[in-house]
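A.B. asks: My structure file start-v2.cif, mmCIF, N, CA and C atoms, is below:
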```
data_coords
loop_
_atom_site.label_atom_id
_atom_site.label_comp_id
_atom_site.auth_asym_id
_atom_site.auth_seq_id
_atom_site.Cartn_x
_atom_site.Cartn_y
_atom_site.Cartn_z
N MET A 18 155.26 90.37 125.38
CA MET A 18 154.62 91.27 126.31
C MET A 18 153.94 92.37 125.50
N SER A 19 152.67 92.53 125.72
CA SER A 19 151.93 93.55 124.98
C SER A 19 151.67 94.74 125.88
N THR A 20 151.88 95.87 125.33
CA THR A 20 151.62 97.10 126.07
C THR A 20 150.60 97.91 125.30
N THR A 21 149.77 98.56 126.00
CA THR A 21 148.78 99.43 125.37
C THR A 21 149.11 100.86 125.72
N ASP A 22 149.16 101.67 124.70
CA ASP A 22 149.46 103.09 124.89
C ASP A 22 148.20 103.94 124.85
N SER A 23 147.07 103.32 125.08
CA SER A 23 145.83 104.09 125.00
C SER A 23 145.63 104.89 126.29
N ALA A 24 145.20 106.09 126.09
CA ALA A 24 144.96 106.99 127.22
C ALA A 24 143.61 106.65 127.83
N PRO A 25 143.41 106.97 129.08
CA PRO A 25 142.09 106.74 129.68
C PRO A 25 141.03 107.59 128.98
N ARG A 26 139.83 107.07 128.96
CA ARG A 26 138.73 107.77 128.28
C ARG A 26 138.31 109.00 129.08
N THR A 27 138.07 110.06 128.35
CA THR A 27 137.63 111.31 128.98
C THR A 27 136.15 111.48 128.77
N THR A 28 135.58 112.48 129.44
CA THR A 28 134.15 112.73 129.26
C THR A 28 133.84 113.19 127.84
N ALA A 29 134.78 113.84 127.18
CA ALA A 29 134.57 114.26 125.79
C ALA A 29 134.45 113.04 124.89
N ASP A 30 135.27 112.01 125.16
CA ASP A 30 135.18 110.78 124.38
C ASP A 30 133.84 110.09 124.60
N ILE A 31 133.39 110.07 125.84
CA ILE A 31 132.13 109.43 126.15
C ILE A 31 130.98 110.21 125.53
N ASP A 32 131.03 111.54 125.55
CA ASP A 32 129.97 112.35 124.95
C ASP A 32 129.91 112.17 123.44
N ASP A 33 131.07 111.88 122.80
CA ASP A 33 131.07 111.66 121.36
C ASP A 33 130.31 110.41 120.97
N GLU A 34 130.12 109.49 121.91
CA GLU A 34 129.35 108.29 121.62
C GLU A 34 127.89 108.63 121.32
N HIS A 35 127.41 109.72 121.84
CA HIS A 35 126.02 110.10 121.62
C HIS A 35 125.80 110.65 120.23
N GLY A 36 126.83 111.10 119.58
CA GLY A 36 126.71 111.59 118.22
C GLY A 36 126.36 113.06 118.16
N THR A 37 126.61 113.63 116.99
CA THR A 37 126.38 115.06 116.84
C THR A 37 124.90 115.39 116.76
N LEU A 38 124.08 114.47 116.23
CA LEU A 38 122.65 114.75 116.14
C LEU A 38 122.04 114.92 117.53
N VAL A 39 122.37 114.01 118.43
CA VAL A 39 121.83 114.10 119.78
C VAL A 39 122.33 115.35 120.47
N ARG A 40 123.62 115.66 120.31
CA ARG A 40 124.16 116.87 120.94
C ARG A 40 123.51 118.12 120.39
N SER A 41 123.26 118.15 119.07
CA SER A 41 122.65 119.35 118.50
C SER A 41 121.18 119.47 118.91
N LEU A 42 120.50 118.36 119.11
CA LEU A 42 119.10 118.41 119.53
C LEU A 42 118.94 118.66 121.02
N SER A 43 120.02 118.54 121.78
CA SER A 43 119.91 118.69 123.23
C SER A 43 120.05 120.14 123.70
N ALA A 44 120.17 121.07 122.78
CA ALA A 44 120.28 122.48 123.16
C ALA A 44 118.99 122.92 123.84
N VAL A 45 119.13 123.61 124.94
CA VAL A 45 117.96 124.04 125.72
C VAL A 45 117.40 125.32 125.12
N LEU A 46 116.08 125.33 124.94
CA LEU A 46 115.41 126.52 124.41
C LEU A 46 115.29 127.59 125.49
N PRO A 47 115.36 128.85 125.11
CA PRO A 47 115.32 129.92 126.12
C PRO A 47 113.93 130.13 126.70
N GLY A 48 113.89 130.39 127.98
CA GLY A 48 112.66 130.78 128.68
C GLY A 48 111.52 129.80 128.52
N GLN A 49 110.36 130.36 128.23
CA GLN A 49 109.14 129.56 128.10
C GLN A 49 108.89 129.10 126.66
N LEU A 50 109.83 129.37 125.76
CA LEU A 50 109.63 129.03 124.34
C LEU A 50 109.36 127.55 124.13
N GLY A 51 110.08 126.69 124.84
CA GLY A 51 109.90 125.24 124.69
C GLY A 51 108.50 124.80 125.08
N LYS A 52 107.99 125.34 126.17
CA LYS A 52 106.64 124.98 126.62
C LYS A 52 105.58 125.49 125.65
N ILE A 53 105.81 126.67 125.09
CA ILE A 53 104.86 127.23 124.12
C ILE A 53 104.82 126.38 122.86
N ILE A 54 105.99 125.99 122.36
CA ILE A 54 106.04 125.16 121.14
C ILE A 54 105.41 123.80 121.41
N ALA A 55 105.70 123.20 122.55
CA ALA A 55 105.11 121.90 122.89
C ALA A 55 103.59 122.01 123.00
N THR A 56 103.10 123.10 123.57
CA THR A 56 101.65 123.30 123.67
C THR A 56 101.02 123.44 122.30
N VAL A 57 101.67 124.15 121.40
CA VAL A 57 101.16 124.29 120.03
C VAL A 57 101.13 122.93 119.33
N VAL A 58 102.17 122.13 119.52
CA VAL A 58 102.21 120.79 118.91
C VAL A 58 101.05 119.94 119.42
N VAL A 59 100.80 119.97 120.72
CA VAL A 59 99.71 119.19 121.30
C VAL A 59 98.36 119.69 120.78
N LEU A 60 98.17 121.00 120.72
CA LEU A 60 96.89 121.55 120.24
C LEU A 60 96.65 121.22 118.76
N VAL A 61 97.68 121.31 117.95
CA VAL A 61 97.54 120.96 116.53
C VAL A 61 97.23 119.48 116.39
N SER A 62 97.85 118.64 117.20
CA SER A 62 97.55 117.21 117.18
C SER A 62 96.09 116.95 117.55
N LEU A 63 95.60 117.66 118.55
CA LEU A 63 94.20 117.51 118.96
C LEU A 63 93.24 117.97 117.86
N VAL A 64 93.57 119.07 117.20
CA VAL A 64 92.72 119.56 116.11
C VAL A 64 92.67 118.54 114.98
N PHE A 65 93.82 117.99 114.61
CA PHE A 65 93.84 116.96 113.57
C PHE A 65 93.05 115.73 113.98
N PHE A 66 93.16 115.33 115.25
CA PHE A 66 92.40 114.18 115.72
C PHE A 66 90.90 114.42 115.66
N VAL A 67 90.46 115.57 116.14
CA VAL A 67 89.03 115.88 116.13
C VAL A 67 88.51 115.98 114.70
N TRP A 68 89.28 116.61 113.83
CA TRP A 68 88.90 116.74 112.44
C TRP A 68 88.78 115.36 111.78
N SER A 69 89.73 114.50 112.05
CA SER A 69 89.70 113.14 111.50
C SER A 69 88.55 112.34 112.09
N LEU A 70 88.28 112.53 113.37
CA LEU A 70 87.17 111.84 114.02
C LEU A 70 85.84 112.27 113.42
N ILE A 71 85.66 113.55 113.20
CA ILE A 71 84.43 114.05 112.58
C ILE A 71 84.28 113.53 111.16
N ALA A 72 85.36 113.52 110.40
CA ALA A 72 85.31 113.01 109.03
C ALA A 72 84.95 111.52 109.02
N THR A 73 85.48 110.78 109.96
CA THR A 73 85.19 109.34 110.03
C THR A 73 83.75 109.11 110.44
N TRP A 74 83.27 109.81 111.46
CA TRP A 74 81.91 109.62 111.93
C TRP A 74 80.86 110.09 110.92
N SER A 75 81.21 111.07 110.14
CA SER A 75 80.24 111.57 109.16
C SER A 75 80.19 110.71 107.90
N GLY A 76 81.02 109.69 107.84
CA GLY A 76 81.02 108.80 106.68
C GLY A 76 81.92 109.27 105.56
N ASN A 77 82.70 110.30 105.79
CA ASN A 77 83.61 110.83 104.78
C ASN A 77 85.06 110.59 105.18
N ALA A 78 85.37 109.37 105.57
CA ALA A 78 86.71 109.07 106.07
C ALA A 78 87.78 109.31 105.02
N ASP A 79 87.43 109.20 103.74
CA ASP A 79 88.41 109.41 102.68
C ASP A 79 88.72 110.88 102.44
N SER A 80 87.96 111.77 103.07
CA SER A 80 88.17 113.20 102.84
C SER A 80 89.26 113.80 103.72
N PHE A 81 89.75 113.03 104.69
CA PHE A 81 90.81 113.53 105.56
C PHE A 81 91.75 112.39 105.90
N LEU A 82 92.65 112.62 106.83
CA LEU A 82 93.65 111.63 107.22
C LEU A 82 93.00 110.47 107.98
N PRO A 83 93.57 109.27 107.88
CA PRO A 83 93.01 108.12 108.59
C PRO A 83 93.06 108.31 110.11
N LEU A 84 91.97 107.95 110.76
CA LEU A 84 91.82 108.19 112.20
C LEU A 84 92.89 107.46 113.01
N PHE A 85 93.18 106.21 112.69
CA PHE A 85 94.17 105.45 113.45
C PHE A 85 95.54 106.10 113.38
N GLN A 86 95.97 106.46 112.18
CA GLN A 86 97.29 107.06 112.02
C GLN A 86 97.37 108.41 112.71
N VAL A 87 96.30 109.19 112.64
CA VAL A 87 96.29 110.50 113.31
C VAL A 87 96.37 110.32 114.82
N PHE A 88 95.63 109.35 115.33
CA PHE A 88 95.65 109.10 116.78
C PHE A 88 97.04 108.67 117.24
N VAL A 89 97.64 107.69 116.55
CA VAL A 89 98.95 107.17 116.96
C VAL A 89 100.02 108.25 116.80
N ALA A 90 100.08 108.88 115.64
CA ALA A 90 101.09 109.90 115.39
C ALA A 90 100.94 111.08 116.35
N GLY A 91 99.71 111.52 116.56
CA GLY A 91 99.47 112.63 117.47
C GLY A 91 99.83 112.30 118.90
N THR A 92 99.53 111.08 119.33
CA THR A 92 99.86 110.68 120.69
C THR A 92 101.37 110.60 120.89
N VAL A 93 102.06 109.97 119.94
CA VAL A 93 103.52 109.83 120.07
C VAL A 93 104.19 111.20 120.05
N VAL A 94 103.81 112.04 119.11
CA VAL A 94 104.44 113.37 119.00
C VAL A 94 104.09 114.23 120.21
N SER A 95 102.85 114.20 120.65
CA SER A 95 102.44 115.03 121.79
C SER A 95 103.15 114.62 123.07
N LEU A 96 103.18 113.33 123.35
CA LEU A 96 103.86 112.87 124.56
C LEU A 96 105.36 113.17 124.50
N ASN A 97 105.94 113.00 123.33
CA ASN A 97 107.36 113.30 123.16
C ASN A 97 107.61 114.80 123.34
N ALA A 98 106.74 115.63 122.79
CA ALA A 98 106.90 117.08 122.92
C ALA A 98 106.73 117.52 124.37
N LEU A 99 105.78 116.93 125.08
CA LEU A 99 105.60 117.30 126.48
C LEU A 99 106.78 116.87 127.34
N TYR A 100 107.35 115.70 127.03
CA TYR A 100 108.50 115.23 127.81
C TYR A 100 109.74 116.06 127.53
N ALA A 101 109.95 116.40 126.27
CA ALA A 101 111.17 117.11 125.87
C ALA A 101 110.90 118.57 125.59
N ASN A 102 110.05 119.20 126.38
CA ASN A 102 109.63 120.57 126.07
C ASN A 102 110.72 121.61 126.25
N LYS A 103 111.78 121.30 126.97
CA LYS A 103 112.85 122.29 127.14
C LYS A 103 113.83 122.27 125.97
N THR A 104 113.74 121.23 125.15
CA THR A 104 114.56 121.13 123.94
C THR A 104 113.62 120.99 122.75
N PHE A 105 114.18 121.10 121.58
CA PHE A 105 113.36 120.86 120.39
C PHE A 105 113.79 119.53 119.76
N SER A 106 114.09 118.56 120.63
CA SER A 106 114.62 117.29 120.18
C SER A 106 113.56 116.39 119.56
N TYR A 107 112.31 116.74 119.68
CA TYR A 107 111.25 115.91 119.11
C TYR A 107 110.99 116.22 117.65
N VAL A 108 111.85 117.01 117.02
CA VAL A 108 111.66 117.37 115.62
C VAL A 108 111.74 116.15 114.72
N VAL A 109 112.60 115.18 115.04
CA VAL A 109 112.71 113.97 114.22
C VAL A 109 111.42 113.16 114.32
N THR A 110 110.85 113.07 115.52
CA THR A 110 109.58 112.38 115.70
C THR A 110 108.48 113.08 114.93
N LEU A 111 108.47 114.38 114.96
CA LEU A 111 107.48 115.17 114.23
C LEU A 111 107.59 114.94 112.72
N ILE A 112 108.81 114.93 112.21
CA ILE A 112 109.02 114.68 110.78
C ILE A 112 108.56 113.27 110.42
N GLY A 113 108.89 112.29 111.25
CA GLY A 113 108.45 110.92 111.00
C GLY A 113 106.94 110.79 111.01
N ALA A 114 106.27 111.49 111.92
CA ALA A 114 104.81 111.44 111.99
C ALA A 114 104.17 112.07 110.76
N VAL A 115 104.69 113.20 110.33
CA VAL A 115 104.15 113.85 109.13
C VAL A 115 104.35 112.96 107.91
N LEU A 116 105.53 112.36 107.80
CA LEU A 116 105.78 111.45 106.68
C LEU A 116 104.86 110.24 106.74
N TRP A 117 104.61 109.71 107.94
CA TRP A 117 103.73 108.55 108.07
C TRP A 117 102.31 108.90 107.64
N LEU A 118 101.83 110.07 108.04
CA LEU A 118 100.50 110.49 107.62
C LEU A 118 100.44 110.70 106.12
N TRP A 119 101.49 111.26 105.54
CA TRP A 119 101.51 111.47 104.09
C TRP A 119 101.51 110.14 103.35
N VAL A 120 102.33 109.19 103.80
CA VAL A 120 102.38 107.88 103.17
C VAL A 120 101.04 107.16 103.32
N SER A 121 100.34 107.39 104.42
CA SER A 121 99.06 106.72 104.67
C SER A 121 97.98 107.12 103.68
N VAL A 122 98.03 108.33 103.17
CA VAL A 122 96.99 108.78 102.24
C VAL A 122 97.44 108.75 100.78
N THR A 123 98.70 108.50 100.54
CA THR A 123 99.21 108.45 99.17
C THR A 123 99.07 107.03 98.63
N PRO A 124 98.45 106.88 97.48
CA PRO A 124 98.27 105.53 96.93
C PRO A 124 99.57 104.98 96.33
N PHE A 125 100.06 103.93 96.93
CA PHE A 125 101.23 103.21 96.44
C PHE A 125 100.80 101.77 96.18
N GLN A 126 101.64 101.04 95.49
CA GLN A 126 101.44 99.60 95.38
C GLN A 126 101.53 99.02 96.79
N PRO A 127 100.80 97.94 97.09
CA PRO A 127 100.77 97.42 98.46
C PRO A 127 102.15 97.16 99.06
N PHE A 128 103.08 96.61 98.27
CA PHE A 128 104.42 96.34 98.80
C PHE A 128 105.10 97.63 99.23
N PHE A 129 105.04 98.65 98.38
CA PHE A 129 105.69 99.92 98.69
C PHE A 129 104.96 100.64 99.82
N GLN A 130 103.65 100.48 99.91
CA GLN A 130 102.89 101.09 101.01
C GLN A 130 103.39 100.55 102.35
N VAL A 131 103.53 99.24 102.43
CA VAL A 131 104.02 98.63 103.68
C VAL A 131 105.46 99.04 103.94
N LEU A 132 106.28 99.03 102.91
CA LEU A 132 107.68 99.41 103.05
C LEU A 132 107.83 100.86 103.54
N PHE A 133 107.10 101.78 102.91
CA PHE A 133 107.20 103.19 103.29
C PHE A 133 106.62 103.44 104.69
N GLN A 134 105.53 102.76 105.01
CA GLN A 134 104.97 102.94 106.36
C GLN A 134 105.93 102.40 107.41
N ALA A 135 106.56 101.26 107.15
CA ALA A 135 107.54 100.73 108.10
C ALA A 135 108.72 101.68 108.25
N LEU A 136 109.16 102.26 107.15
CA LEU A 136 110.27 103.21 107.19
C LEU A 136 109.91 104.45 108.01
N THR A 137 108.72 105.00 107.79
CA THR A 137 108.34 106.21 108.51
C THR A 137 108.06 105.94 109.98
N VAL A 138 107.53 104.77 110.31
CA VAL A 138 107.34 104.42 111.72
C VAL A 138 108.70 104.25 112.39
N THR A 139 109.66 103.69 111.67
CA THR A 139 111.02 103.56 112.19
C THR A 139 111.63 104.93 112.45
N ILE A 140 111.37 105.88 111.57
CA ILE A 140 111.86 107.25 111.78
C ILE A 140 111.24 107.84 113.04
N MET A 141 109.93 107.60 113.25
CA MET A 141 109.28 108.10 114.47
C MET A 141 109.91 107.48 115.72
N ILE A 142 110.14 106.17 115.69
CA ILE A 142 110.73 105.50 116.85
C ILE A 142 112.15 106.01 117.09
N ALA A 143 112.91 106.18 116.02
CA ALA A 143 114.26 106.72 116.16
C ALA A 143 114.21 108.14 116.74
N GLY A 144 113.21 108.91 116.34
CA GLY A 144 113.05 110.26 116.88
C GLY A 144 112.79 110.24 118.38
N VAL A 145 111.99 109.28 118.84
CA VAL A 145 111.74 109.16 120.27
C VAL A 145 113.03 108.80 121.00
N VAL A 146 113.80 107.87 120.44
CA VAL A 146 115.06 107.47 121.07
C VAL A 146 116.04 108.64 121.10
N PHE A 147 116.16 109.37 119.97
CA PHE A 147 117.03 110.55 119.93
C PHE A 147 116.57 111.58 120.95
N SER A 148 115.27 111.77 121.05
CA SER A 148 114.73 112.76 121.97
C SER A 148 115.04 112.39 123.42
N LEU A 149 114.87 111.13 123.77
CA LEU A 149 115.18 110.70 125.13
C LEU A 149 116.67 110.90 125.44
N ALA A 150 117.52 110.56 124.49
CA ALA A 150 118.96 110.77 124.69
C ALA A 150 119.31 112.26 124.76
N ALA A 151 118.63 113.07 123.95
CA ALA A 151 118.91 114.51 123.96
C ALA A 151 118.47 115.15 125.26
N VAL A 152 117.34 114.73 125.80
CA VAL A 152 116.90 115.28 127.09
C VAL A 152 117.88 114.89 128.18
N GLU A 153 118.35 113.66 128.15
CA GLU A 153 119.36 113.22 129.11
C GLU A 153 120.64 114.04 128.96
N GLN A 154 121.03 114.28 127.72
CA GLN A 154 122.24 115.07 127.44
C GLN A 154 122.06 116.53 127.90
N SER A 155 120.85 117.07 127.76
CA SER A 155 120.62 118.47 128.13
C SER A 155 120.68 118.69 129.63
N LYS A 156 120.49 117.63 130.38
CA LYS A 156 120.54 117.76 131.85
C LYS A 156 121.97 117.75 132.38
N LYS A 157 122.92 117.34 131.54
CA LYS A 157 124.31 117.32 131.96
C LYS A 157 124.90 118.71 131.87
N PRO A 158 125.78 119.07 132.78
CA PRO A 158 126.42 120.38 132.68
C PRO A 158 127.37 120.44 131.47
N ARG A 159 127.41 121.58 130.83
CA ARG A 159 128.29 121.77 129.67
C ARG A 159 129.45 122.65 130.08
N PHE A 160 130.63 122.20 129.77
CA PHE A 160 131.83 122.96 130.11
C PHE A 160 132.57 123.30 128.86
#
```
Represent the structure of the file as structure tokens.

C.D. replies:
Amino acid sequence: MSTTDSAPRTTADIDDEHGTLVRSLSAVLPGQLGKIIATVVVLVSLVFFVWSLIATWSGNADSFLPLFQVFVAGTVVSLNALYANKTFSYVVTLIGAVLWLWVSVTPFQPFFQVLFQALTVTIMIAGVVFSLAAVEQSKKPRF
């Protein structure tokens, strides 16, 4: 006869499944600060996109960041920032996007270029997942 002495799971045990990173990113920013930071992120993304678009159209595409990477990174970060504007949980996505843009313009051997770009895109995707979980966590009451 087997007996289990395990106690029933509590909400603290269930919250630990989300991890400390998600819990730390789910802190709500005070007042309008979150919306202001999200607006700045979107505006900076738009400026980078327009600057890259002008550089590409003028025939000087090598003088700035690649248009495709700027468009994708800016779109992902902007949408994530707008969705999670009450928290600063999109910081991981922002870091991944900056790293992806840096890797895109840095000359590496082709194998390492693909490897580093895959790694940085994975960081961006993980940032989106962390952000979605953090926003969900921020909506729960804290006791």

A.B. asks: Can you pull out every residue within 7 Å of Phe66 in chain A, counting all atoms listed in the file, but drop anything in the same chain fewer than 6 positions away, and send it as a list in words?

C.D. replies: Leu84, Val87 and Phe88 of chain A

A.B. asks: Between A:Ser121, A:Asn102, A:Ser41, A:Gln154, single out the one closest to Leu82 in chain A, counting all atoms listed in the file.

C.D. replies: A:Ser121

A.B. asks: When distances are computed from all atoms listed in the file, which of A:Ala98, A:Leu70, A:Gly76, A:Ala151 shows the smallest separation from Gly51 in chain A?

C.D. replies: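 Distance minimum relative to Gly51 in chain A lands on A:Ala98.
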
A.B. asks: I'd like the residues picked by the PyMOL selection byres ((chain A and resi 58) around 8) written out as a list in words, using the chain letters and numbers from the file.

C.D. replies: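 Selection result, ordered by chain and number: Lys52, Ile53, Ile54, Ala55, Thr56, Val57, Val59, Leu60, Val61, Ser62, Leu63, Val64, Gly91, Val94, Ser95, Leu96, Ala98 and Leu99 of chain A.
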
A.B. asks: Can you measure CA of Thr37 in chain A to CA of Glu153 in chain A for me? One decimal in Å is fine.

C.D. replies: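 Those two atoms sit 14.3 Å apart.
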
A.B. asks: With the PyMOL selection byres (((chain A and resi 107 and name CA) around 7) and name CA) as the selection, what would be picked from this file? Answer as an MDAnalysis selection string, please.

C.D. replies: chainID A and resid 97:98 101 105:106 108:111 144:145 148

A.B. asks: Report as a ChimeraX atom specification all protein, DNA and RNA residues lying within 9 Å of Val115 in chain A, evaluated on only C-alpha atoms, omitting residues in the same chain fewer than 5 positions from it.

C.D. replies: /A:90,110,120,137

A.B. asks: Run DSSP on the backbone of this structure and report the residues of chain A it assigns to helix (DSSP H, G or I), as an MDAnalysis selection string.

C.D. replies: chainID A and resid 28:33 36:42 50:74 78:80 84:100 108:122 127:155

A.B. asks: Could you spell out the hits of the PyMOL selection byres ((chain A and resi 131-136) around 8) on the shown file, as a list of chain:residue names?

C.D. replies: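 So the PyMOL selection byres ((chain A and resi 131-136) around 8) ends up selecting A:Gly113, A:Leu116, A:Trp117, A:Leu118, A:Val120, A:Ser121, A:Phe125, A:Gln126, A:Pro127, A:Phe128, A:Phe129, A:Gln130, A:Thr137, A:Val138, A:Thr139, A:Ile140, A:Met141, A:Ile142.
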
A.B. asks: To one decimal in Å, tell me the separation between atom C of Ser155 in chain A and CA of Val45 in chain A.

C.D. replies: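 Between atom C of Ser155 in chain A and CA of Val45 in chain A the gap works out to 7.2 Å.
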
A.B. asks: Could you work out how far CA of Val122 in chain A lies from CA of Asn77 in chain A, giving the answer in Å with one decimal?

C.D. replies: 13.8 Å

A.B. asks: Of the residues A:Ala72, A:Val67, A:Ala78, A:Ala44, which is the one nearest to Val152 in chain A, using only C-alpha atoms?

C.D. replies: A:Ala44

A.B. asks: Once you add 4 Å to each side, what are the centre and edge lengths of the axis-aligned box holding all listed atoms of range 39-46 of chain A? One decimal in Å, as lines of an AutoDock Vina configuration file, if you can.

C.D. replies:
```
center_x = 119.7
center_y = 120.8
center_z = 122.1
size_x = 16.9
size_y = 21.6
size_z = 15.3
```
